[in-house]
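Trainee: Next comes the structure file target.txt, holding compact mmCIF, C-alpha atoms.
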# COMPACT_ATOMS: atom_id res chain seq x y z
CA MET A 25 103.31 95.55 143.90
CA GLU A 26 106.52 97.48 143.39
CA ILE A 27 106.27 100.76 141.49
CA ARG A 28 108.42 99.41 138.62
CA GLU A 29 106.05 96.46 138.28
CA VAL A 30 103.04 98.79 138.33
CA ILE A 31 104.53 100.93 135.57
CA LYS A 32 105.43 97.84 133.55
CA HIS A 33 101.87 96.50 133.82
CA CYS A 34 100.41 99.93 133.08
CA LYS A 35 102.47 99.97 129.89
CA SER A 36 100.88 96.69 128.88
CA GLY A 37 97.42 98.16 129.56
CA ASN A 38 96.65 96.23 132.76
CA GLN A 39 93.60 97.83 134.39
CA LEU A 40 94.52 96.67 137.89
CA ALA A 41 97.94 98.31 137.64
CA GLN A 42 96.29 101.46 136.30
CA SER A 43 93.89 101.55 139.22
CA ILE A 44 96.80 101.10 141.65
CA LEU A 45 98.64 104.01 140.05
CA PHE A 46 95.46 106.12 140.03
CA ASN A 47 94.69 105.44 143.69
CA ALA A 48 98.28 106.11 144.72
CA HIS A 49 98.41 109.57 143.17
CA TYR A 50 94.81 110.71 142.88
CA ASN A 51 94.52 112.66 146.14
CA GLN A 52 97.84 114.42 145.75
CA MET A 53 96.97 115.43 142.21
CA TYR A 54 93.49 116.53 143.23
CA HIS A 55 94.98 118.88 145.82
CA LEU A 56 97.55 120.18 143.35
CA SER A 57 94.94 120.87 140.69
CA MET A 58 92.54 122.36 143.22
CA ARG A 59 95.18 124.83 144.41
CA ILE A 60 95.61 126.00 140.82
CA LEU A 61 91.99 125.94 139.66
CA SER A 62 90.03 126.53 142.91
CA ASN A 63 87.01 124.90 141.35
CA HIS A 64 85.93 121.32 141.99
CA HIS A 65 84.32 120.77 138.57
CA ASP A 66 87.30 122.20 136.71
CA VAL A 67 89.58 119.95 138.76
CA GLU A 68 87.46 116.91 137.83
CA ASP A 69 87.80 117.74 134.13
CA ALA A 70 91.51 118.42 134.46
CA LEU A 71 92.11 115.16 136.31
CA ILE A 72 90.12 113.06 133.82
CA ILE A 73 92.18 114.44 130.97
CA SER A 74 95.42 114.26 132.96
CA PHE A 75 95.05 110.60 133.99
CA THR A 76 93.90 109.65 130.50
CA LYS A 77 97.09 111.25 129.21
CA VAL A 78 99.13 109.50 131.89
CA PHE A 79 97.85 106.06 130.86
CA SER A 80 98.04 106.73 127.14
CA SER A 81 101.58 108.13 127.22
CA ILE A 82 103.08 105.93 129.94
CA GLN A 83 104.70 103.91 127.13
CA ARG A 84 107.10 106.82 126.62
CA PHE A 85 107.81 107.27 130.34
CA GLU A 86 111.26 106.24 131.54
CA TYR A 87 111.53 105.33 135.20
CA ARG A 88 114.41 107.21 136.91
CA GLY A 89 113.71 106.74 140.58
CA GLU A 90 110.52 107.00 142.60
CA ASN A 91 110.21 110.78 142.32
CA SER A 92 110.43 110.71 138.53
CA LEU A 93 106.94 109.20 138.21
CA VAL A 94 105.35 111.68 140.67
CA LYS A 95 107.09 114.58 138.94
CA TRP A 96 105.96 113.35 135.53
CA ILE A 97 102.31 113.00 136.64
CA LYS A 98 102.49 116.39 138.40
CA THR A 99 103.76 118.03 135.20
CA ILE A 100 100.85 116.57 133.25
CA VAL A 101 98.31 117.69 135.89
CA ILE A 102 99.79 121.20 136.15
CA ASN A 103 99.83 121.60 132.36
CA GLU A 104 96.27 120.40 132.09
CA SER A 105 95.13 122.65 134.95
CA ILE A 106 96.77 125.64 133.27
CA ARG A 107 95.06 124.68 130.02
CA GLN A 108 91.72 124.49 131.84
CA LEU A 109 92.28 127.88 133.39
CA ASN A 110 93.29 129.41 130.08
CA GLY A 111 90.34 127.80 128.36
CA LYS A 112 87.83 129.41 130.70
CA ASN A 113 89.26 132.90 130.86
CA LYS A 114 92.72 133.87 129.79
CA ILE A 115 94.94 134.51 132.80
CA ASN A 116 95.83 138.15 133.04
CA PHE A 117 99.40 138.73 134.19
CA ASP A 118 99.61 142.48 134.82
CA GLU A 119 103.15 143.65 134.15
CA GLU A 120 102.95 146.57 136.56
CA GLU A 121 106.00 146.85 138.83
CA PHE A 122 105.23 146.15 142.45
CA PRO A 123 107.47 146.89 145.45
CA GLU A 124 108.45 144.13 147.87
CA TYR A 125 106.03 144.17 150.78
CA ALA A 126 107.57 144.79 154.15
CA MET A 127 105.39 143.37 156.86
CA THR A 128 106.10 145.13 160.07
CA THR A 129 102.77 145.09 161.76
CA MET A 130 102.70 141.38 162.58
CA SER A 131 105.04 139.25 164.60
CA ASP A 132 106.15 135.73 163.52
CA SER A 133 104.09 134.13 166.27
CA GLU A 134 101.00 135.95 165.06
CA LEU A 135 101.68 134.79 161.56
CA TYR A 136 102.17 131.14 162.51
CA ASP A 137 98.93 131.32 164.39
CA ILE A 138 96.85 131.39 161.21
CA ASP A 139 94.12 128.84 160.77
CA ILE A 140 94.68 126.31 157.95
CA GLU A 141 91.23 126.96 156.51
CA GLN A 142 92.05 130.65 156.39
CA VAL A 143 95.21 129.90 154.43
CA TYR A 144 93.22 127.85 151.91
CA ASN A 145 90.60 130.54 151.66
CA ILE A 146 93.24 133.22 151.11
CA ILE A 147 94.95 131.18 148.40
CA GLU A 148 91.66 130.36 146.70
CA ALA A 149 90.76 134.04 146.73
CA LEU A 150 93.98 135.08 144.99
CA PRO A 151 93.71 136.22 141.36
CA ALA A 152 94.43 133.33 138.99
CA GLY A 153 97.81 134.68 137.83
CA TYR A 154 99.10 135.30 141.34
CA ARG A 155 97.76 131.99 142.59
CA MET A 156 99.34 130.07 139.75
CA VAL A 157 102.83 131.57 140.14
CA PHE A 158 102.71 131.34 143.95
CA ASN A 159 101.65 127.69 143.84
CA LEU A 160 104.29 126.75 141.33
CA PHE A 161 107.09 128.68 143.03
CA ALA A 162 106.34 128.36 146.73
CA LEU A 163 104.54 125.03 146.92
CA GLU A 164 105.79 123.00 143.94
CA GLY A 165 109.34 124.36 143.93
CA TYR A 166 109.47 125.49 140.30
CA SER A 167 112.04 128.15 139.38
CA HIS A 168 111.05 131.42 137.73
CA LYS A 169 112.60 130.17 134.49
CA GLU A 170 110.47 127.01 134.57
CA ILE A 171 107.36 129.01 135.43
CA SER A 172 108.01 131.46 132.60
CA GLU A 173 108.33 128.56 130.16
CA LEU A 174 105.24 126.84 131.53
CA LEU A 175 103.00 129.92 131.49
CA ASN A 176 104.62 131.48 128.43
CA ILE A 177 105.57 134.66 130.29
CA THR A 178 108.88 136.39 131.02
CA GLU A 179 110.89 135.65 134.16
CA SER A 180 110.39 139.21 135.40
CA THR A 181 106.62 138.81 135.03
CA SER A 182 106.82 135.61 137.06
CA LYS A 183 108.80 137.43 139.76
CA SER A 184 106.41 140.36 139.89
CA GLN A 185 103.43 138.00 140.02
CA LEU A 186 105.01 136.23 142.99
CA ARG A 187 105.64 139.52 144.79
CA LYS A 188 102.05 140.57 144.23
CA ALA A 189 100.79 137.19 145.43
CA ARG A 190 102.83 137.40 148.62
CA THR A 191 101.66 140.95 149.30
CA ASN A 192 98.10 139.91 148.65
CA ILE A 193 98.41 136.98 151.09
CA ILE A 194 99.94 139.16 153.81
CA GLU A 195 97.25 141.79 153.37
CA SER A 196 94.59 139.11 153.57
CA ILE A 197 96.14 137.64 156.73
CA ASN A 198 96.27 141.12 158.26
CA LYS A 199 92.67 141.69 157.38
CA THR A 200 91.66 138.35 158.87
CA LYS A 201 93.60 139.06 162.04
CA LYS A 202 92.03 142.51 162.36
CA ASN A 203 88.56 141.09 161.87
CA GLY A 204 89.33 138.40 164.44
CA ASN A 205 90.55 140.92 167.00
CA GLU A 206 87.51 143.11 166.54
CA MET B 21 110.06 139.92 158.17
CA GLU B 22 111.30 138.28 154.99
CA THR B 23 108.58 137.76 152.45
CA ASN B 24 109.62 134.19 151.64
CA LYS B 25 108.54 133.36 155.19
CA ILE B 26 105.03 133.62 153.80
CA ASP B 27 105.88 130.86 151.36
CA PHE B 28 107.13 128.70 154.17
CA ILE B 29 104.07 129.37 156.34
CA VAL B 30 101.65 128.64 153.54
CA LYS B 31 103.57 125.53 152.52
CA LYS B 32 103.65 124.31 156.11
CA ALA B 33 99.95 124.95 156.53
CA ILE B 34 99.15 123.07 153.33
CA ASN B 35 101.44 120.16 154.15
CA GLU B 36 99.81 119.87 157.55
CA SER B 37 96.42 119.73 155.95
CA GLU B 38 97.00 117.22 153.21
CA ASN B 39 93.46 115.95 153.61
CA TYR B 40 91.83 119.36 153.27
CA TYR B 41 90.07 118.55 149.96
CA ASP B 42 89.76 114.83 150.67
CA SER B 43 85.98 114.78 151.06
CA LYS B 44 85.53 116.50 147.70
CA ALA B 45 88.26 114.40 146.15
CA ASN B 46 86.77 111.11 147.35
CA SER B 47 83.30 112.03 146.15
CA ALA B 48 84.66 112.54 142.66
CA LYS B 49 87.19 109.71 142.67
CA GLU B 50 85.01 106.97 141.24
CA ARG B 51 83.49 109.23 138.64
CA ILE B 52 86.91 110.42 137.54
CA TRP B 53 88.25 106.82 137.40
CA ASN B 54 85.26 105.68 135.33
CA GLN B 55 85.71 108.61 132.97
CA VAL B 56 89.42 107.88 132.65
CA GLN B 57 88.66 104.24 131.80
CA LEU B 58 85.99 105.28 129.33
CA GLN B 59 88.26 107.82 127.66
CA SER B 60 91.09 105.30 127.53
CA SER B 61 88.87 102.72 125.84
CA ASP B 62 87.51 105.47 123.58
CA LYS B 63 91.06 106.42 122.78
CA HIS B 64 91.87 102.81 122.00
CA THR B 65 88.76 102.55 119.84
CA SER B 66 89.44 105.85 118.14
CA HIS B 67 93.05 104.78 117.68
CA PHE B 68 91.80 101.51 116.15
CA PHE B 69 89.40 103.40 113.89
CA ARG B 70 92.10 105.85 112.95
CA LEU B 71 94.33 102.94 112.01
CA LEU B 72 91.45 101.36 110.12
CA VAL B 73 90.76 104.57 108.23
CA ALA B 74 94.47 104.98 107.48
CA ALA B 75 94.60 101.38 106.27
CA CYS B 76 91.49 101.96 104.11
CA ILE B 77 93.00 105.11 102.62
CA LEU B 78 96.26 103.28 101.94
CA LEU B 79 94.34 100.39 100.42
CA PHE B 80 92.31 102.78 98.26
CA ILE B 81 95.42 104.60 97.08
CA SER B 82 97.31 101.38 96.38
CA THR B 83 94.28 99.89 94.58
CA SER B 84 93.93 103.04 92.50
CA VAL B 85 97.60 102.98 91.61
CA VAL B 86 97.46 99.28 90.77
CA SER B 87 94.31 99.69 88.67
CA ILE B 88 95.82 102.66 86.82
CA LEU B 89 98.95 100.65 86.19
CA ASN B 90 96.79 97.72 85.11
CA MET B 91 94.84 99.93 82.72
CA ASN B 92 98.05 101.27 81.26
CA ALA B 93 99.36 97.75 80.93
CA TRP B 94 96.14 96.67 79.22
CA ASN B 95 96.35 99.58 76.81
CA ARG B 96 99.97 98.70 76.11
CA ILE B 97 99.00 95.07 75.62
CA LYS B 98 96.23 96.12 73.24
CA ILE B 99 98.65 98.27 71.29
CA LEU B 100 101.17 95.44 71.24
CA VAL B 101 98.50 92.96 70.15
CA ALA B 102 97.46 95.32 67.36
CA LEU B 103 101.10 95.76 66.35
CA ASN B 104 101.61 92.05 66.56
CA SER B 105 98.63 91.27 64.37
CA ALA B 106 99.75 93.96 61.93
CA LEU B 107 103.20 92.42 61.90
CA LYS B 108 101.65 88.98 61.45
CA ASN B 109 99.62 90.22 58.51
CA LYS B 110 102.66 91.86 57.07
CA ALA B 111 104.67 88.72 57.60
CA THR B 112 101.95 86.62 55.97
CA MET B 113 101.85 89.01 53.06
CA ASN B 114 105.60 88.95 52.81
CA TYR B 115 105.55 85.18 53.04
CA LYS B 116 102.97 85.00 50.32
CA ASP B 117 104.95 87.40 48.18
CA SER B 118 108.14 85.55 48.84
CA SER B 119 106.52 82.19 48.13
CA ILE B 120 105.10 83.55 44.91
CA ALA B 121 108.50 84.90 44.03
CA GLU B 122 110.10 81.64 45.01
CA GLU B 123 107.65 79.72 42.92
CA THR B 124 108.33 82.04 40.05
CA VAL B 125 112.03 81.52 40.48
CA LYS B 126 111.53 77.78 40.77
CA SER B 127 109.34 77.66 37.75
CA ALA B 128 111.85 79.78 35.96
CA ASN B 129 114.63 77.37 36.82
CA VAL B 130 112.78 74.18 35.95
CA ASN B 131 112.40 73.39 32.18
CA SER B 132 108.91 72.28 31.93
CA SER B 133 107.72 70.35 28.95
CA ASP B 134 105.44 73.01 27.68
CA THR B 135 108.03 75.66 27.62
CA ALA B 136 110.34 75.88 24.65
CA TYR B 137 113.20 78.22 24.31
CA ILE B 138 114.16 78.80 20.74
CA ARG B 139 117.27 80.56 19.68
CA ASN B 140 116.34 82.47 16.73
CA VAL B 141 119.34 82.91 14.49
CA ALA B 142 118.64 85.21 11.75
CA ALA B 143 120.29 83.83 8.67
CA VAL B 144 121.88 86.41 6.51
CA ILE B 145 121.57 85.15 2.99
CA LYS B 146 124.25 86.37 0.79
CA PRO B 147 124.46 85.32 -2.87
CA VAL B 148 127.31 82.85 -3.11
CA VAL B 149 127.57 82.92 -6.84
CA THR B 150 128.07 86.21 -8.43
CA ILE B 151 127.49 86.53 -12.02
CA GLN B 152 130.27 88.26 -13.77
CA GLN B 153 129.90 88.94 -17.34
CA THR B 154 133.06 88.86 -19.29
CA THR B 155 133.28 89.10 -22.94
CA ASP B 156 135.85 86.88 -24.47
CA THR B 157 136.41 84.75 -27.37
CA VAL B 158 135.94 81.10 -26.88
CA PHE B 159 137.34 78.65 -29.24
CA ILE B 160 135.68 75.37 -29.32
CA ASN B 161 137.31 72.51 -30.95
CA GLN B 162 134.72 70.06 -31.95
CA ILE B 163 135.03 67.19 -34.25
CA VAL B 164 131.88 66.87 -36.07
CA PHE B 165 131.18 64.12 -38.37
CA VAL B 166 128.86 65.34 -40.95
CA GLU B 167 127.63 63.78 -43.95
CA LYS B 168 128.79 65.52 -47.01
CA ASN B 169 125.54 66.82 -48.14
CA ARG B 170 124.63 68.04 -44.69
CA LEU B 171 127.79 69.85 -43.80
CA ARG B 172 126.74 73.24 -44.75
CA ASN B 173 123.49 73.09 -42.77
CA TYR B 174 125.27 71.84 -39.90
CA TRP B 175 127.61 74.75 -39.83
CA LEU B 176 124.90 77.16 -40.08
CA LEU B 177 123.07 75.61 -37.16
CA LEU B 178 126.16 75.48 -35.11
CA ILE B 179 126.89 79.07 -35.67
CA LYS B 180 123.41 79.99 -34.71
CA THR B 181 123.70 78.18 -31.43
CA LEU B 182 127.00 79.77 -30.57
CA PRO B 183 127.12 82.96 -28.64
CA GLN B 184 127.18 85.99 -30.76
CA THR B 185 130.76 87.05 -30.25
CA PRO B 186 132.54 89.33 -32.65
CA SER B 187 134.69 86.52 -34.00
CA ILE B 188 131.67 84.36 -34.57
CA LYS B 189 129.97 87.21 -36.20
CA LYS B 190 132.97 87.37 -38.44
CA LEU B 191 132.57 83.80 -39.21
CA GLN B 192 129.06 84.26 -40.14
Once you've parsed the file, please lay out its structure as structure tokens.

Mentor:
Amino acid sequence: MEIREVIKHCKSGNQLAQSILFNAHYNQMYHLSMRILSNHHDVEDALIISFTKVFSSIQRFEYRGENSLVKWIKTIVINESIRQLNGKNKINFDEEEFPEYAMTTMSDSELYDIDIEQVYNIIEALPAGYRMVFNLFALEGYSHKEISELLNITESTSKSQLRKARTNIIESINKTKKNGNE
Amino acid sequence: METNKIDFIVKKAINESENYYDSKANSAKERIWNQVQLQSSDKHTSHFFRLLVAACILLFISTSVVSILNMNAWNRIKILVALNSALKNKATMNYKDSSIAEETVKSANVNSSDTAYIRNVAAVIKPVVTIQQTTDTVFINQIVFVEKNRLRNYWLLLIKTLPQTPSIKKLQ
């Protein structure tokens, strides 16, 4: 079934069309929510609410190309994940200025040599504020302005959070490399 | 090294491992789908109930308004009925009065046999003849045939019967 048809049938409440839409985007949204929340149970809750919202508000959705639907669902999932995170413990965005990290100790080849699991572990271990801004900026392609609006923070806070996240990741990679060498 | 290289490396690593959380995701997939379906139906039900409640509230409000209006109308009708009956009574009274008056007028206009109108003219009686006493001498010429022997008596009688005027007195 074409995506337009699926959307049309979802609007009329067709369960088959809803299941097609769910199956098509579930894994991607799970990964997105997991990168923000880092907790399987929280992700489950966020996804239940997100997909319920998707199906209940799809009437208002206007199809503008294939990416428009993915972007719309992503926005709902991100918003819901942020809400989940805020609901558990308010994200603390420390406003302290942080200098840009200059990584001189590692070569590019060393850096590219990092294990995927290590990357996931490093990201999961990041403080919630850093992780959120890094995910939105580096992985989802949001601008600092969009992030500031989404998280209700200033643009400079978003920038400083990103800097801190990057520094934290580099430090963690260094640490991992050192441990590996020893 | 530029720091945004980190972004690129992390992004690349994540894109290469799109299935990293798949096992966890798949284990929860059915549960999440069922919950979504349940919540959607719940939402529909709650939406239906919300509509029902809204409809009930609207119905209650409209019924209240209508009953209040009805009560007011009834009160107005009662007042109007009372006014109407009062007017009717008044009209009946007026009719009675007017009929009585009319009858009076009618009876006044019609000459019934037992009614007599008498014009009482007071007659002023004035004496037509007025007695005026005048003293005058009246001469009466009377031929009297008297027997010789009775002449004197006759004269005497005649004089007696005449009014006692000075000339008569002279004659006497």

Trainee: Could you work out how far atom CA of Asn91 of chain A lies from atom CA of His49 of chain A, giving the answer in Å with one decimal?

Mentor: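 Atom CA of Asn91 of chain A lies 11.9 Å from atom CA of His49 of chain A.
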
Trainee: With a cut-off of 6 Å and counting all atoms listed in the file, select all residues of chain A in contact with chain B and give the selection as JSON, numbers by chain.

Mentor: {"A": [72, 76, 127, 140, 162, 163]}

Trainee: Using all atoms listed in the file, which of the listed residues (A:Gln142, A:Asn103, A:Ser57, A:Ser80) sits closest to Ser196 of chain A?

Mentor: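 Between A:Gln142, A:Asn103, A:Ser57, A:Ser80, the residue approaching Ser196 of chain A most closely is A:Gln142.
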
Trainee: How far is it from atom CA of Leu56 of chain A to atom CA of Lys95 of chain A, in Å with one decimal?

Mentor: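 Going from atom CA of Leu56 of chain A over to atom CA of Lys95 of chain A, I get 11.9 Å.
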
Trainee: For the atom pair atom CA of Ile73 of chain A and atom CA of Leu45 of chain A, what is the interatomic distance in Å to one decimal place?

Mentor: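 One can read the atom CA of Ile73 of chain A to atom CA of Leu45 of chain A distance as 15.3 Å.
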
Trainee: So that I can see what lies close to Leu175 of chain A, please list as a ChimeraX atom specification the residues with an atom at most 10 Å from it, counting only C-alpha atoms and leaving out residues fewer than 5 positions away in the same chain.

Mentor: /A:103,106-107,110,115,117,153,156-157,170,182

Trainee: Specify the axis-aligned box that encloses all atoms of segment 50-62 of chain B listed in the file after padding of 6 Å on each side, stating its centre and edge lengths in Å to one decimal as lines of an AutoDock Vina configuration file.

Mentor:
center_x = 87.3
center_y = 106.6
center_z = 132.4
size_x = 19.6
size_y = 19.7
size_z = 29.7

Trainee: Nearest to Glu141 of chain A: which of A:Val101, A:Ile171, A:Ala189, A:Ile197 is it, counting only C-alpha atoms?

Mentor: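 Closest to Glu141 of chain A, using only C-alpha atoms: A:Ile197.
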
Trainee: What would segment 168-186 of chain B look like with N, CA, C and O atoms in place, written as a compact mmCIF listing (two decimals), keeping the file's coordinate frame?

Mentor:
# COMPACT_ATOMS: atom_id res chain seq x y z
N LYS B 168 128.38 64.55 -46.01
CA LYS B 168 128.79 65.52 -47.01
C LYS B 168 127.75 66.48 -47.42
O LYS B 168 127.93 67.69 -47.40
N ASN B 169 126.62 65.95 -47.68
CA ASN B 169 125.54 66.82 -48.14
C ASN B 169 124.93 67.66 -47.04
O ASN B 169 124.26 68.62 -47.26
N ARG B 170 125.22 67.27 -45.78
CA ARG B 170 124.63 68.04 -44.69
C ARG B 170 125.59 68.96 -43.95
O ARG B 170 125.25 69.60 -42.98
N LEU B 171 126.75 69.05 -44.51
CA LEU B 171 127.79 69.85 -43.80
C LEU B 171 127.45 71.33 -43.68
O LEU B 171 127.58 71.94 -42.63
N ARG B 172 127.07 71.80 -44.75
CA ARG B 172 126.74 73.24 -44.75
C ARG B 172 125.64 73.58 -43.78
O ARG B 172 125.78 74.51 -42.98
N ASN B 173 124.62 72.85 -43.72
CA ASN B 173 123.49 73.09 -42.77
C ASN B 173 123.91 72.98 -41.33
O ASN B 173 123.49 73.74 -40.47
N TYR B 174 124.77 72.00 -41.28
CA TYR B 174 125.27 71.84 -39.90
C TYR B 174 125.99 73.03 -39.39
O TYR B 174 125.79 73.52 -38.29
N TRP B 175 126.85 73.57 -40.19
CA TRP B 175 127.61 74.75 -39.83
C TRP B 175 126.70 75.92 -39.53
O TRP B 175 126.89 76.62 -38.56
N LEU B 176 125.82 76.03 -40.31
CA LEU B 176 124.90 77.16 -40.08
C LEU B 176 124.17 77.02 -38.75
O LEU B 176 124.03 77.97 -38.00
N LEU B 177 123.76 75.86 -38.46
CA LEU B 177 123.07 75.61 -37.16
C LEU B 177 123.99 75.84 -35.98
O LEU B 177 123.61 76.45 -34.97
N LEU B 178 125.17 75.32 -36.24
CA LEU B 178 126.16 75.48 -35.11
C LEU B 178 126.44 76.95 -34.83
O LEU B 178 126.47 77.38 -33.67
N ILE B 179 126.63 77.64 -35.87
CA ILE B 179 126.89 79.07 -35.67
C ILE B 179 125.74 79.77 -34.99
O ILE B 179 125.92 80.62 -34.12
N LYS B 180 124.62 79.37 -35.32
CA LYS B 180 123.41 79.99 -34.71
C LYS B 180 123.37 79.73 -33.23
O LYS B 180 122.98 80.57 -32.42
N THR B 181 123.75 78.54 -32.87
CA THR B 181 123.70 78.18 -31.43
C THR B 181 124.81 78.80 -30.62
O THR B 181 124.68 78.99 -29.43
N LEU B 182 125.86 79.17 -31.31
CA LEU B 182 127.00 79.77 -30.57
C LEU B 182 126.66 81.17 -30.09
O LEU B 182 125.84 81.86 -30.69
N PRO B 183 127.33 81.58 -29.08
CA PRO B 183 127.12 82.96 -28.64
C PRO B 183 127.62 83.95 -29.69
O PRO B 183 128.61 83.67 -30.35
N GLN B 184 126.92 85.01 -29.70
CA GLN B 184 127.18 85.99 -30.76
C GLN B 184 128.37 86.86 -30.38
O GLN B 184 128.25 87.97 -29.88
N THR B 185 129.52 86.29 -30.51
CA THR B 185 130.76 87.05 -30.25
C THR B 185 131.23 87.68 -31.55
O THR B 185 130.80 87.26 -32.62
N PRO B 186 132.10 88.65 -31.43
CA PRO B 186 132.54 89.33 -32.65
C PRO B 186 133.21 88.39 -33.67
O PRO B 186 132.99 88.52 -34.88
